[in-house]
Every structure is written in structure tokens, then in C-alpha cells.
$ cat start29.csv   # CSV, N, CA and C atoms
chain,number,residue,atom,x,y,z
A,1,MET,N,-13.3,32.9,-4.5
A,1,MET,CA,-14.3,31.9,-4.2
A,1,MET,C,-13.6,30.6,-4.1
A,2,ARG,N,-14.0,29.8,-3.1
A,2,ARG,CA,-13.5,28.4,-2.9
A,2,ARG,C,-14.1,27.5,-3.9
A,3,LYS,N,-13.3,26.7,-4.6
A,3,LYS,CA,-13.8,25.7,-5.5
A,3,LYS,C,-13.5,24.4,-4.9
A,4,ASP,N,-14.6,23.6,-4.7
A,4,ASP,CA,-14.4,22.3,-4.1
A,4,ASP,C,-13.7,21.4,-5.1
A,5,ILE,N,-12.8,20.6,-4.5
A,5,ILE,CA,-12.0,19.7,-5.3
A,5,ILE,C,-12.6,18.3,-5.2
A,6,ILE,N,-13.0,17.7,-6.3
A,6,ILE,CA,-13.5,16.4,-6.4
A,6,ILE,C,-12.3,15.4,-6.7
A,7,LYS,N,-12.2,14.4,-5.8
A,7,LYS,CA,-11.1,13.5,-6.0
A,7,LYS,C,-11.6,12.1,-6.3
A,8,CYS,N,-10.8,11.4,-7.1
A,8,CYS,CA,-11.1,10.0,-7.4
A,8,CYS,C,-9.9,9.2,-6.8
A,9,CYS,N,-10.3,8.2,-6.0
A,9,CYS,CA,-9.3,7.4,-5.3
A,9,CYS,C,-9.3,6.0,-5.7
A,10,CYS,N,-8.2,5.4,-5.8
A,10,CYS,CA,-8.0,4.0,-6.1
A,10,CYS,C,-7.3,3.3,-4.9
A,11,ILE,N,-8.0,2.3,-4.3
A,11,ILE,CA,-7.3,1.6,-3.2
A,11,ILE,C,-6.5,0.4,-3.7
A,12,GLY,N,-6.7,0.0,-4.9
A,12,GLY,CA,-5.9,-1.0,-5.5
A,12,GLY,C,-6.4,-2.4,-5.1
A,13,GLN,N,-5.9,-3.4,-5.8
A,13,GLN,CA,-6.3,-4.8,-5.5
A,13,GLN,C,-5.1,-5.6,-5.7
A,14,ARG,N,-4.9,-6.6,-5.0
A,14,ARG,CA,-3.7,-7.5,-5.1
A,14,ARG,C,-3.9,-8.3,-6.4
A,15,ALA,N,-2.9,-8.4,-7.2
A,15,ALA,CA,-3.0,-9.2,-8.5
A,15,ALA,C,-3.4,-10.6,-8.2
A,16,GLN,N,-3.0,-11.2,-7.2
A,16,GLN,CA,-3.4,-12.6,-7.0
A,16,GLN,C,-4.8,-12.8,-6.7
A,17,ASP,N,-5.6,-11.7,-6.4
A,17,ASP,CA,-7.0,-11.8,-6.3
A,17,ASP,C,-7.8,-11.6,-7.6
A,18,LEU,N,-7.1,-11.2,-8.6
A,18,LEU,CA,-7.7,-11.0,-9.9
A,18,LEU,C,-7.7,-12.3,-10.7
A,19,ALA,N,-8.3,-12.3,-11.9
A,19,ALA,CA,-8.3,-13.5,-12.8
A,19,ALA,C,-6.9,-13.8,-13.2
A,20,SER,N,-6.7,-15.1,-13.5
A,20,SER,CA,-5.3,-15.5,-13.8
A,20,SER,C,-4.7,-14.8,-14.9
A,21,GLY,N,-5.4,-14.2,-15.9
A,21,GLY,CA,-4.8,-13.5,-17.0
A,21,GLY,C,-4.2,-12.2,-16.7
A,22,TYR,N,-4.4,-11.7,-15.4
A,22,TYR,CA,-3.9,-10.4,-15.1
A,22,TYR,C,-2.4,-10.4,-15.1
A,23,LEU,N,-1.8,-11.4,-14.6
A,23,LEU,CA,-0.3,-11.4,-14.5
A,23,LEU,C,0.4,-11.5,-15.8
A,24,ASP,N,-0.3,-12.0,-16.8
A,24,ASP,CA,0.3,-12.1,-18.2
A,24,ASP,C,-0.1,-10.8,-19.0
A,25,LYS,N,0.8,-9.9,-19.1
A,25,LYS,CA,0.5,-8.6,-19.7
A,25,LYS,C,0.0,-8.8,-21.2
A,26,THR,N,0.3,-9.9,-21.8
A,26,THR,CA,-0.2,-10.1,-23.2
A,26,THR,C,-1.5,-10.8,-23.3
A,27,HIS,N,-2.0,-11.3,-22.1
A,27,HIS,CA,-3.3,-12.0,-22.1
A,27,HIS,C,-4.5,-11.0,-22.4
A,28,ILE,N,-5.5,-11.5,-23.1
A,28,ILE,CA,-6.6,-10.6,-23.4
A,28,ILE,C,-7.3,-10.1,-22.2
A,29,PHE,N,-7.3,-10.8,-21.1
A,29,PHE,CA,-7.9,-10.3,-19.9
A,29,PHE,C,-7.2,-9.0,-19.4
A,30,HIS,N,-5.9,-9.1,-19.4
A,30,HIS,CA,-5.1,-7.9,-19.0
A,30,HIS,C,-5.4,-6.7,-19.8
A,31,GLN,N,-5.4,-6.9,-21.1
A,31,GLN,CA,-5.7,-5.8,-22.1
A,31,GLN,C,-7.1,-5.2,-21.9
A,32,LYS,N,-8.1,-6.1,-21.7
A,32,LYS,CA,-9.4,-5.6,-21.5
A,32,LYS,C,-9.6,-4.9,-20.1
A,33,TYR,N,-8.9,-5.4,-19.1
A,33,TYR,CA,-8.9,-4.8,-17.8
A,33,TYR,C,-8.3,-3.3,-17.9
A,34,LEU,N,-7.2,-3.2,-18.6
A,34,LEU,CA,-6.6,-1.9,-18.7
A,34,LEU,C,-7.5,-0.9,-19.5
A,35,GLN,N,-8.1,-1.4,-20.6
A,35,GLN,CA,-9.0,-0.6,-21.4
A,35,GLN,C,-10.2,-0.1,-20.5
A,36,THR,N,-10.7,-1.0,-19.7
A,36,THR,CA,-11.9,-0.7,-18.9
A,36,THR,C,-11.5,0.3,-17.8
A,37,LEU,N,-10.4,0.1,-17.2
A,37,LEU,CA,-9.9,1.0,-16.2
A,37,LEU,C,-9.7,2.4,-16.8
A,38,GLU,N,-9.1,2.5,-18.0
A,38,GLU,CA,-8.8,3.8,-18.6
A,38,GLU,C,-10.1,4.5,-19.0
A,39,ARG,N,-11.1,3.7,-19.5
A,39,ARG,CA,-12.4,4.3,-19.8
A,39,ARG,C,-13.1,4.9,-18.5
A,40,ALA,N,-13.0,4.1,-17.4
A,40,ALA,CA,-13.6,4.6,-16.2
A,40,ALA,C,-12.9,5.9,-15.7
A,41,ILE,N,-11.6,5.9,-15.7
A,41,ILE,CA,-10.9,7.1,-15.3
A,41,ILE,C,-11.2,8.3,-16.2
A,42,GLU,N,-11.2,8.1,-17.5
A,42,GLU,CA,-11.5,9.1,-18.4
A,42,GLU,C,-13.0,9.7,-18.3
A,43,THR,N,-13.9,8.8,-17.9
A,43,THR,CA,-15.3,9.2,-17.7
A,43,THR,C,-15.3,10.2,-16.5
A,44,HIS,N,-14.5,9.9,-15.5
A,44,HIS,CA,-14.4,10.8,-14.3
A,44,HIS,C,-13.8,12.1,-14.7
A,45,VAL,N,-12.8,12.1,-15.6
A,45,VAL,CA,-12.2,13.3,-16.1
A,45,VAL,C,-13.2,14.1,-16.8
A,46,GLN,N,-14.0,13.5,-17.7
A,46,GLN,CA,-15.0,14.2,-18.5
A,46,GLN,C,-16.1,14.8,-17.6
A,47,ASN,N,-16.2,14.2,-16.4
A,47,ASN,CA,-17.2,14.7,-15.4
A,47,ASN,C,-16.6,15.7,-14.4
A,48,GLY,N,-15.4,16.2,-14.7
A,48,GLY,CA,-14.8,17.2,-13.9
A,48,GLY,C,-13.8,16.9,-12.9
A,49,VAL,N,-13.5,15.6,-12.7
A,49,VAL,CA,-12.5,15.2,-11.7
A,49,VAL,C,-11.1,15.5,-12.3
A,50,ARG,N,-10.3,16.2,-11.5
A,50,ARG,CA,-8.9,16.5,-11.9
A,50,ARG,C,-7.9,16.0,-10.9
A,51,HIS,N,-8.3,15.6,-9.7
A,51,HIS,CA,-7.3,15.1,-8.7
A,51,HIS,C,-7.5,13.6,-8.5
A,52,PHE,N,-6.5,12.9,-8.7
A,52,PHE,CA,-6.6,11.4,-8.6
A,52,PHE,C,-5.6,11.0,-7.5
A,53,VAL,N,-6.0,10.1,-6.6
A,53,VAL,CA,-5.2,9.6,-5.5
A,53,VAL,C,-5.1,8.1,-5.5
A,54,CYS,N,-3.9,7.6,-5.3
A,54,CYS,CA,-3.8,6.1,-5.1
A,54,CYS,C,-2.6,5.8,-4.2
A,55,GLY,N,-2.6,4.6,-3.8
A,55,GLY,CA,-1.4,4.1,-3.1
A,55,GLY,C,-0.4,3.6,-4.1
A,56,ALA,N,0.5,2.8,-3.6
A,56,ALA,CA,1.5,2.2,-4.5
A,56,ALA,C,2.0,0.9,-3.9
A,57,THR,N,1.0,0.2,-3.3
A,57,THR,CA,1.4,-1.1,-2.8
A,57,THR,C,0.9,-2.3,-3.6
A,58,SER,N,0.2,-2.0,-4.7
A,58,SER,CA,-0.3,-3.1,-5.5
A,58,SER,C,-0.1,-2.8,-7.0
A,59,GLU,N,-0.2,-3.8,-7.8
A,59,GLU,CA,0.0,-3.7,-9.2
A,59,GLU,C,-1.2,-2.9,-9.8
A,60,VAL,N,-2.4,-3.1,-9.2
A,60,VAL,CA,-3.5,-2.3,-9.7
A,60,VAL,C,-3.4,-0.8,-9.4
A,61,ALA,N,-2.9,-0.5,-8.3
A,61,ALA,CA,-2.7,1.0,-8.0
A,61,ALA,C,-1.7,1.6,-8.9
A,62,LEU,N,-0.6,0.8,-9.3
A,62,LEU,CA,0.3,1.3,-10.2
A,62,LEU,C,-0.3,1.4,-11.6
A,63,ASP,N,-1.2,0.5,-12.0
A,63,ASP,CA,-1.9,0.6,-13.3
A,63,ASP,C,-2.7,1.9,-13.3
A,64,PHE,N,-3.4,2.1,-12.2
A,64,PHE,CA,-4.2,3.3,-12.1
A,64,PHE,C,-3.4,4.6,-12.3
A,65,ALA,N,-2.3,4.6,-11.6
A,65,ALA,CA,-1.4,5.8,-11.7
A,65,ALA,C,-0.8,6.0,-13.1
A,66,GLU,N,-0.4,4.9,-13.7
A,66,GLU,CA,0.1,5.0,-15.1
A,66,GLU,C,-1.0,5.5,-16.1
A,67,ILE,N,-2.2,5.1,-15.9
A,67,ILE,CA,-3.3,5.6,-16.8
A,67,ILE,C,-3.5,7.1,-16.5
A,68,VAL,N,-3.6,7.5,-15.3
A,68,VAL,CA,-3.7,8.9,-15.0
A,68,VAL,C,-2.6,9.7,-15.6
A,69,LEU,N,-1.4,9.2,-15.5
A,69,LEU,CA,-0.2,9.9,-16.1
A,69,LEU,C,-0.4,10.0,-17.7
A,70,LYS,N,-0.8,8.9,-18.2
A,70,LYS,CA,-1.1,8.8,-19.7
A,70,LYS,C,-2.1,9.8,-20.1
A,71,LEU,N,-3.2,9.9,-19.4
A,71,LEU,CA,-4.3,10.8,-19.7
A,71,LEU,C,-3.9,12.3,-19.5
A,72,ARG,N,-2.9,12.5,-18.7
A,72,ARG,CA,-2.4,13.9,-18.4
A,72,ARG,C,-1.8,14.5,-19.7
A,73,ASP,N,-1.4,13.6,-20.7
A,73,ASP,CA,-0.9,14.1,-22.0
A,73,ASP,C,-2.1,14.9,-22.7
A,74,ARG,N,-3.3,14.4,-22.5
A,74,ARG,CA,-4.5,15.0,-23.2
A,74,ARG,C,-5.1,16.0,-22.3
A,75,TYR,N,-5.0,15.8,-21.0
A,75,TYR,CA,-5.6,16.7,-20.0
A,75,TYR,C,-4.5,17.2,-19.0
A,76,PRO,N,-3.8,18.2,-19.4
A,76,PRO,CA,-2.6,18.6,-18.6
A,76,PRO,C,-2.9,19.1,-17.2
A,77,ASP,N,-4.2,19.4,-16.9
A,77,ASP,CA,-4.5,19.9,-15.6
A,77,ASP,C,-4.8,18.7,-14.6
A,78,LEU,N,-4.6,17.5,-15.0
A,78,LEU,CA,-4.8,16.4,-14.0
A,78,LEU,C,-3.7,16.3,-13.0
A,79,GLU,N,-4.0,16.0,-11.8
A,79,GLU,CA,-3.0,15.9,-10.7
A,79,GLU,C,-3.1,14.4,-10.2
A,80,LEU,N,-1.9,13.9,-9.9
A,80,LEU,CA,-1.8,12.6,-9.3
A,80,LEU,C,-1.1,12.7,-8.0
A,81,GLU,N,-1.8,12.2,-7.0
A,81,GLU,CA,-1.2,12.1,-5.6
A,81,GLU,C,-1.0,10.7,-5.3
A,82,ILE,N,0.1,10.3,-4.7
A,82,ILE,CA,0.4,9.0,-4.3
A,82,ILE,C,0.6,9.0,-2.8
A,83,ASP,N,-0.2,8.2,-2.1
A,83,ASP,CA,-0.1,8.1,-0.7
A,83,ASP,C,0.7,6.8,-0.4
A,84,LEU,N,1.8,7.0,0.3
A,84,LEU,CA,2.7,5.9,0.5
A,84,LEU,C,2.8,5.5,2.0
A,85,ALA,N,3.0,4.3,2.3
A,85,ALA,CA,3.1,3.9,3.7
A,85,ALA,C,4.4,4.5,4.3
A,86,PHE,N,5.5,4.3,3.5
A,86,PHE,CA,6.8,4.8,4.0
A,86,PHE,C,7.8,5.0,2.8
A,87,GLN,N,8.8,5.7,3.0
A,87,GLN,CA,9.8,5.9,1.9
A,87,GLN,C,10.5,4.5,1.7
A,88,ASN,N,10.9,4.3,0.4
A,88,ASN,CA,11.6,3.1,0.0
A,88,ASN,C,10.7,1.8,0.1
A,89,GLN,N,9.4,2.0,0.1
A,89,GLN,CA,8.6,0.8,0.1
A,89,GLN,C,8.7,0.0,-1.2
A,90,TYR,N,9.3,0.6,-2.2
A,90,TYR,CA,9.5,0.0,-3.5
A,90,TYR,C,10.3,-1.3,-3.4
A,91,ALA,N,11.1,-1.4,-2.3
A,91,ALA,CA,12.0,-2.5,-2.1
A,91,ALA,C,11.3,-3.8,-2.1
A,92,LYS,N,10.0,-3.8,-1.8
A,92,LYS,CA,9.2,-5.1,-1.8
A,92,LYS,C,8.9,-5.6,-3.1
A,93,PHE,N,9.0,-4.8,-4.2
A,93,PHE,CA,8.7,-5.2,-5.5
A,93,PHE,C,9.9,-5.9,-6.2
A,94,PRO,N,9.6,-6.8,-7.2
A,94,PRO,CA,10.7,-7.4,-7.9
A,94,PRO,C,11.5,-6.2,-8.7
A,95,PRO,N,12.7,-6.4,-9.1
A,95,PRO,CA,13.5,-5.4,-9.7
A,95,PRO,C,12.8,-4.7,-10.9
A,96,ALA,N,12.2,-5.4,-11.8
A,96,ALA,CA,11.5,-4.8,-12.9
A,96,ALA,C,10.4,-3.8,-12.5
A,97,GLU,N,9.7,-4.3,-11.5
A,97,GLU,CA,8.6,-3.4,-10.9
A,97,GLU,C,9.1,-2.2,-10.2
A,98,GLN,N,10.3,-2.4,-9.6
A,98,GLN,CA,10.9,-1.2,-8.8
A,98,GLN,C,11.1,-0.1,-9.8
A,99,LEU,N,11.6,-0.4,-11.0
A,99,LEU,CA,11.8,0.7,-12.0
A,99,LEU,C,10.5,1.3,-12.4
A,100,ARG,N,9.5,0.6,-12.6
A,100,ARG,CA,8.2,1.1,-12.9
A,100,ARG,C,7.7,2.0,-11.8
A,101,TYR,N,7.8,1.5,-10.6
A,101,TYR,CA,7.4,2.2,-9.4
A,101,TYR,C,8.1,3.6,-9.3
A,102,GLN,N,9.4,3.6,-9.5
A,102,GLN,CA,10.2,4.8,-9.4
A,102,GLN,C,9.8,5.8,-10.5
A,103,GLN,N,9.6,5.3,-11.7
A,103,GLN,CA,9.2,6.2,-12.8
A,103,GLN,C,7.8,6.8,-12.5
A,104,ILE,N,6.9,6.1,-11.9
A,104,ILE,CA,5.6,6.7,-11.6
A,104,ILE,C,5.8,7.7,-10.5
A,105,LEU,N,6.5,7.5,-9.5
A,105,LEU,CA,6.7,8.4,-8.4
A,105,LEU,C,7.4,9.7,-8.9
A,106,GLU,N,8.3,9.6,-9.8
A,106,GLU,CA,8.9,10.8,-10.4
A,106,GLU,C,8.0,11.7,-11.1
A,107,ARG,N,6.9,11.2,-11.7
A,107,ARG,CA,5.9,11.9,-12.5
A,107,ARG,C,4.7,12.4,-11.7
A,108,ALA,N,4.6,11.9,-10.4
A,108,ALA,CA,3.4,12.2,-9.6
A,108,ALA,C,3.6,13.7,-9.1
A,109,ASP,N,2.5,14.3,-8.9
A,109,ASP,CA,2.5,15.7,-8.4
A,109,ASP,C,2.7,15.8,-6.9
A,110,THR,N,2.2,14.8,-6.2
A,110,THR,CA,2.3,14.9,-4.7
A,110,THR,C,2.6,13.5,-4.2
A,111,LEU,N,3.5,13.4,-3.3
A,111,LEU,CA,3.8,12.1,-2.6
A,111,LEU,C,3.6,12.4,-1.1
A,112,LEU,N,2.7,11.6,-0.5
A,112,LEU,CA,2.4,11.7,0.9
A,112,LEU,C,2.8,10.5,1.6
A,113,TYR,N,3.8,10.6,2.5
A,113,TYR,CA,4.3,9.5,3.3
A,113,TYR,C,3.6,9.5,4.6
A,114,LEU,N,3.0,8.4,4.9
A,114,LEU,CA,2.1,8.3,6.1
A,114,LEU,C,2.9,7.9,7.4
A,115,PHE,N,4.0,7.1,7.2
A,115,PHE,CA,4.8,6.6,8.3
A,115,PHE,C,6.3,6.7,7.9
A,116,ASN,N,7.2,6.7,8.9
A,116,ASN,CA,8.5,6.4,8.5
A,116,ASN,C,8.8,4.9,8.8
A,117,GLN,N,9.8,4.3,8.1
A,117,GLN,CA,9.9,2.9,8.1
A,117,GLN,C,10.2,2.3,9.5
A,118,GLN,N,10.9,3.0,10.3
A,118,GLN,CA,11.2,2.5,11.7
A,118,GLN,C,9.9,2.3,12.5
A,119,ASN,N,8.9,3.2,12.4
A,119,ASN,CA,7.8,3.0,13.2
A,119,ASN,C,6.5,2.6,12.4
A,120,PHE,N,6.7,2.0,11.3
A,120,PHE,CA,5.6,1.6,10.4
A,120,PHE,C,4.7,0.6,11.2
A,121,HIS,N,5.3,-0.4,11.8
A,121,HIS,CA,4.5,-1.4,12.5
A,121,HIS,C,3.8,-0.8,13.8
A,122,ASP,N,4.3,0.3,14.3
A,122,ASP,CA,3.7,0.9,15.5
A,122,ASP,C,2.6,1.9,15.0
A,123,LYS,N,2.5,2.2,13.7
A,123,LYS,CA,1.5,3.0,13.1
A,123,LYS,C,1.6,4.5,13.7
A,124,ARG,N,2.8,4.9,14.0
A,124,ARG,CA,2.9,6.3,14.4
A,124,ARG,C,3.1,7.2,13.2
A,125,PRO,N,2.4,8.4,13.1
A,125,PRO,CA,2.5,9.2,12.0
A,125,PRO,C,3.9,9.6,11.6
A,126,CYS,N,4.2,9.8,10.4
A,126,CYS,CA,5.5,10.2,9.9
A,126,CYS,C,5.7,11.7,9.9
A,127,ASP,N,6.9,12.1,10.1
A,127,ASP,CA,7.2,13.5,10.0
A,127,ASP,C,8.0,13.7,8.7
A,128,CYS,N,7.9,12.8,7.8
A,128,CYS,CA,8.6,12.8,6.5
A,128,CYS,C,8.2,13.9,5.6
A,129,GLU,N,9.1,14.5,4.9
A,129,GLU,CA,8.7,15.5,3.9
A,129,GLU,C,8.8,14.8,2.5
A,130,ALA,N,7.8,15.1,1.6
A,130,ALA,CA,7.9,14.5,0.3
A,130,ALA,C,8.9,15.2,-0.6

$ encode --input "start29.csv" --output "C-alpha cells"
Amino acid sequence: MRKDIIKCCCIGQRAQDLASGYLDKTHIFHQKYLQTLERAIETHVQNGVRHFVCGATSEVALDFAEIVLKLRDRYPDLELEIDLAFQNQYAKFPPAEQLRYQQILERADTLLYLFNQQNFHDKRPCDCEA
């Protein structure tokens, strides 16, 4: 019997569009934001969602991915899919964020590359393998 898969997707938000406290990881706004995001994701888990999808072009998408990976310690059947524009897109991040990005990708269940870097601006589909 086919079981429908319910997915929860995060499109992310650019940090510069959030309140000024977001960029300061010690700021109370940042801590409350992470707690709220974790509660929202866990609510979806408790309601049966097991497949989570996000991009990796914003800090918020990376926060989402890290929380899903953290919750996977308690809910080992959770799956994280990361949809990427192209391979090596991490190069646009500062060095500290590049490490964070790579660690998240290493723990994801699925990486989907939408384009290859050469034809990214032409928007032609990628024949890349994850």
C-alpha cells in the first residue's frame, strides 16, 4: 500500500531582512527565534511529518536544517533533503559559515542539485549526481 509522504519545506529568509538581533547569536532575539523555529518543526514532527526540505542559500535555511538534524537524535526516522542551486555554492559564504554548511550537507539524507555552475545563469537543468 502506498503511503503518502507529507513534507515540510523551508524556503529561508535572508538574515538582513530579519530583526537586527538575528546576526548576534548571543542576542535574546536570536535565541527566541531558534526556540520558536524548533517548536514549530517539532510540532510538525508530532503531527506525522518525517521529510523536511530546505535550500542552503540563507542563514535561516541552515538554521532549519540544523534543527531537523538535532531533532533526528530524538526522532531517528526524520529525513532531511537539501535542494541546492549548484555544487560548491558554499563558496559564497564566509569561511566560518562554509564549515557549518559542509557539516550540514554531510549529515543530510538527500542532496538535490538543480543546476550545474556553468549553466546556472541560463537556468538549464543539471545532470549532476548527488

$ atom_distance --input "start29.csv" --atom1 "atom C of Asp63 (chain A)" --atom2 "atom N of Asp24 (chain A)"
14.5 Å

$ closest_residue --input "start29.csv" --among "A:Val53, A:Thr43, A:Ile104, A:Gly48" --to "Glu66 (chain A)" --atoms "all atoms listed in the file"
A:Ile104

$ atom_distance --input "start29.csv" --atom1 "CA of His51 (chain A)" --atom2 "CA of Phe115 (chain A)"
22.5 Å

$ closest_residue --input "start29.csv" --among "A:Arg107, A:Cys9, A:Pro95, A:His30" --to "Leu69 (chain A)" --atoms "all atoms listed in the file"
A:Arg107

$ residues_around --input "start29.csv" --residues "Ala108 (chain A)" --least-positions-apart "6" --cutoff "12 Å" --atoms "only C-alpha atoms" --output "JSON list (two decimals) with N, CA and C atoms, in the frame of the given file"
[["chain", "number", "residue", "atom", "x", "y", "z"],
["A", 51, "HIS", "N", -8.30, 15.60, -9.70],
["A", 51, "HIS", "CA", -7.30, 15.10, -8.70],
["A", 51, "HIS", "C", -7.50, 13.60, -8.50],
["A", 52, "PHE", "N", -6.50, 12.90, -8.70],
["A", 52, "PHE", "CA", -6.60, 11.40, -8.60],
["A", 52, "PHE", "C", -5.60, 11.00, -7.50],
["A", 53, "VAL", "N", -6.00, 10.10, -6.60],
["A", 53, "VAL", "CA", -5.20, 9.60, -5.50],
["A", 53, "VAL", "C", -5.10, 8.10, -5.50],
["A", 54, "CYS", "N", -3.90, 7.60, -5.30],
["A", 54, "CYS", "CA", -3.80, 6.10, -5.10],
["A", 54, "CYS", "C", -2.60, 5.80, -4.20],
["A", 55, "GLY", "N", -2.60, 4.60, -3.80],
["A", 55, "GLY", "CA", -1.40, 4.10, -3.10],
["A", 55, "GLY", "C", -0.40, 3.60, -4.10],
["A", 56, "ALA", "N", 0.50, 2.80, -3.60],
["A", 56, "ALA", "CA", 1.50, 2.20, -4.50],
["A", 56, "ALA", "C", 2.00, 0.90, -3.90],
["A", 62, "LEU", "N", -0.60, 0.80, -9.30],
["A", 62, "LEU", "CA", 0.30, 1.30, -10.20],
["A", 62, "LEU", "C", -0.30, 1.40, -11.60],
["A", 64, "PHE", "N", -3.40, 2.10, -12.20],
["A", 64, "PHE", "CA", -4.20, 3.30, -12.10],
["A", 64, "PHE", "C", -3.40, 4.60, -12.30],
["A", 65, "ALA", "N", -2.30, 4.60, -11.60],
["A", 65, "ALA", "CA", -1.40, 5.80, -11.70],
["A", 65, "ALA", "C", -0.80, 6.00, -13.10],
["A", 66, "GLU", "N", -0.40, 4.90, -13.70],
["A", 66, "GLU", "CA", 0.10, 5.00, -15.10],
["A", 66, "GLU", "C", -1.00, 5.50, -16.10],
["A", 67, "ILE", "N", -2.20, 5.10, -15.90],
["A", 67, "ILE", "CA", -3.30, 5.60, -16.80],
["A", 67, "ILE", "C", -3.50, 7.10, -16.50],
["A", 68, "VAL", "N", -3.60, 7.50, -15.30],
["A", 68, "VAL", "CA", -3.70, 8.90, -15.00],
["A", 68, "VAL", "C", -2.60, 9.70, -15.60],
["A", 69, "LEU", "N", -1.40, 9.20, -15.50],
["A", 69, "LEU", "CA", -0.20, 9.90, -16.10],
["A", 69, "LEU", "C", -0.40, 10.00, -17.70],
["A", 70, "LYS", "N", -0.80, 8.90, -18.20],
["A", 70, "LYS", "CA", -1.10, 8.80, -19.70],
["A", 70, "LYS", "C", -2.10, 9.80, -20.10],
["A", 72, "ARG", "N", -2.90, 12.50, -18.70],
["A", 72, "ARG", "CA", -2.40, 13.90, -18.40],
["A", 72, "ARG", "C", -1.80, 14.50, -19.70],
["A", 78, "LEU", "N", -4.60, 17.50, -15.00],
["A", 78, "LEU", "CA", -4.80, 16.40, -14.00],
["A", 78, "LEU", "C", -3.70, 16.30, -13.00],
["A", 79, "GLU", "N", -4.00, 16.00, -11.80],
["A", 79, "GLU", "CA", -3.00, 15.90, -10.70],
["A", 79, "GLU", "C", -3.10, 14.40, -10.20],
["A", 80, "LEU", "N", -1.90, 13.90, -9.90],
["A", 80, "LEU", "CA", -1.80, 12.60, -9.30],
["A", 80, "LEU", "C", -1.10, 12.70, -8.00],
["A", 81, "GLU", "N", -1.80, 12.20, -7.00],
["A", 81, "GLU", "CA", -1.20, 12.10, -5.60],
["A", 81, "GLU", "C", -1.00, 10.70, -5.30],
["A", 82, "ILE", "N", 0.10, 10.30, -4.70],
["A", 82, "ILE", "CA", 0.40, 9.00, -4.30],
["A", 82, "ILE", "C", 0.60, 9.00, -2.80],
["A", 83, "ASP", "N", -0.20, 8.20, -2.10],
["A", 83, "ASP", "CA", -0.10, 8.10, -0.70],
["A", 83, "ASP", "C", 0.70, 6.80, -0.40],
["A", 84, "LEU", "N", 1.80, 7.00, 0.30],
["A", 84, "LEU", "CA", 2.70, 5.90, 0.50],
["A", 84, "LEU", "C", 2.80, 5.50, 2.00],
["A", 101, "TYR", "N", 7.80, 1.50, -10.60],
["A", 101, "TYR", "CA", 7.40, 2.20, -9.40],
["A", 101, "TYR", "C", 8.10, 3.60, -9.30],
["A", 102, "GLN", "N", 9.40, 3.60, -9.50],
["A", 102, "GLN", "CA", 10.20, 4.80, -9.40],
["A", 102, "GLN", "C", 9.80, 5.80, -10.50],
["A", 130, "ALA", "N", 7.80, 15.10, 1.60],
["A", 130, "ALA", "CA", 7.90, 14.50, 0.30],
["A", 130, "ALA", "C", 8.90, 15.20, -0.60]]

$ select_by_dssp --input "start29.csv" --residues "region 35-83 of chain A" --states "alpha helix (DSSP H)" --output "list in words"
Gln35, Thr36, Leu37, Glu38, Arg39, Ala40, Ile41, Glu42, Thr43, His44, Val45, Gln46, Glu59, Val60, Ala61, Leu62, Asp63, Phe64, Ala65, Glu66, Ile67, Val68, Leu69, Lys70 and Leu71 of chain A

$ write_last_selection --input "start29.csv" --atoms "N, CA and C atoms" --output "short mmCIF file (atom, residue, chain, number, x, y, z; two decimals), in the coordinates of the input"
data_model
loop_
_atom_site.label_atom_id
_atom_site.label_comp_id
_atom_site.auth_asym_id
_atom_site.auth_seq_id
_atom_site.Cartn_x
_atom_site.Cartn_y
_atom_site.Cartn_z
N GLN A 35 -8.10 -1.40 -20.60
CA GLN A 35 -9.00 -0.60 -21.40
C GLN A 35 -10.20 -0.10 -20.50
N THR A 36 -10.70 -1.00 -19.70
CA THR A 36 -11.90 -0.70 -18.90
C THR A 36 -11.50 0.30 -17.80
N LEU A 37 -10.40 0.10 -17.20
CA LEU A 37 -9.90 1.00 -16.20
C LEU A 37 -9.70 2.40 -16.80
N GLU A 38 -9.10 2.50 -18.00
CA GLU A 38 -8.80 3.80 -18.60
C GLU A 38 -10.10 4.50 -19.00
N ARG A 39 -11.10 3.70 -19.50
CA ARG A 39 -12.40 4.30 -19.80
C ARG A 39 -13.10 4.90 -18.50
N ALA A 40 -13.00 4.10 -17.40
CA ALA A 40 -13.60 4.60 -16.20
C ALA A 40 -12.90 5.90 -15.70
N ILE A 41 -11.60 5.90 -15.70
CA ILE A 41 -10.90 7.10 -15.30
C ILE A 41 -11.20 8.30 -16.20
N GLU A 42 -11.20 8.10 -17.50
CA GLU A 42 -11.50 9.10 -18.40
C GLU A 42 -13.00 9.70 -18.30
N THR A 43 -13.90 8.80 -17.90
CA THR A 43 -15.30 9.20 -17.70
C THR A 43 -15.30 10.20 -16.50
N HIS A 44 -14.50 9.90 -15.50
CA HIS A 44 -14.40 10.80 -14.30
C HIS A 44 -13.80 12.10 -14.70
N VAL A 45 -12.80 12.10 -15.60
CA VAL A 45 -12.20 13.30 -16.10
C VAL A 45 -13.20 14.10 -16.80
N GLN A 46 -14.00 13.50 -17.70
CA GLN A 46 -15.00 14.20 -18.50
C GLN A 46 -16.10 14.80 -17.60
N GLU A 59 -0.20 -3.80 -7.80
CA GLU A 59 0.00 -3.70 -9.20
C GLU A 59 -1.20 -2.90 -9.80
N VAL A 60 -2.40 -3.10 -9.20
CA VAL A 60 -3.50 -2.30 -9.70
C VAL A 60 -3.40 -0.80 -9.40
N ALA A 61 -2.90 -0.50 -8.30
CA ALA A 61 -2.70 1.00 -8.00
C ALA A 61 -1.70 1.60 -8.90
N LEU A 62 -0.60 0.80 -9.30
CA LEU A 62 0.30 1.30 -10.20
C LEU A 62 -0.30 1.40 -11.60
N ASP A 63 -1.20 0.50 -12.00
CA ASP A 63 -1.90 0.60 -13.30
C ASP A 63 -2.70 1.90 -13.30
N PHE A 64 -3.40 2.10 -12.20
CA PHE A 64 -4.20 3.30 -12.10
C PHE A 64 -3.40 4.60 -12.30
N ALA A 65 -2.30 4.60 -11.60
CA ALA A 65 -1.40 5.80 -11.70
C ALA A 65 -0.80 6.00 -13.10
N GLU A 66 -0.40 4.90 -13.70
CA GLU A 66 0.10 5.00 -15.10
C GLU A 66 -1.00 5.50 -16.10
N ILE A 67 -2.20 5.10 -15.90
CA ILE A 67 -3.30 5.60 -16.80
C ILE A 67 -3.50 7.10 -16.50
N VAL A 68 -3.60 7.50 -15.30
CA VAL A 68 -3.70 8.90 -15.00
C VAL A 68 -2.60 9.70 -15.60
N LEU A 69 -1.40 9.20 -15.50
CA LEU A 69 -0.20 9.90 -16.10
C LEU A 69 -0.40 10.00 -17.70
N LYS A 70 -0.80 8.90 -18.20
CA LYS A 70 -1.10 8.80 -19.70
C LYS A 70 -2.10 9.80 -20.10
N LEU A 71 -3.20 9.90 -19.40
CA LEU A 71 -4.30 10.80 -19.70
C LEU A 71 -3.90 12.30 -19.50
#
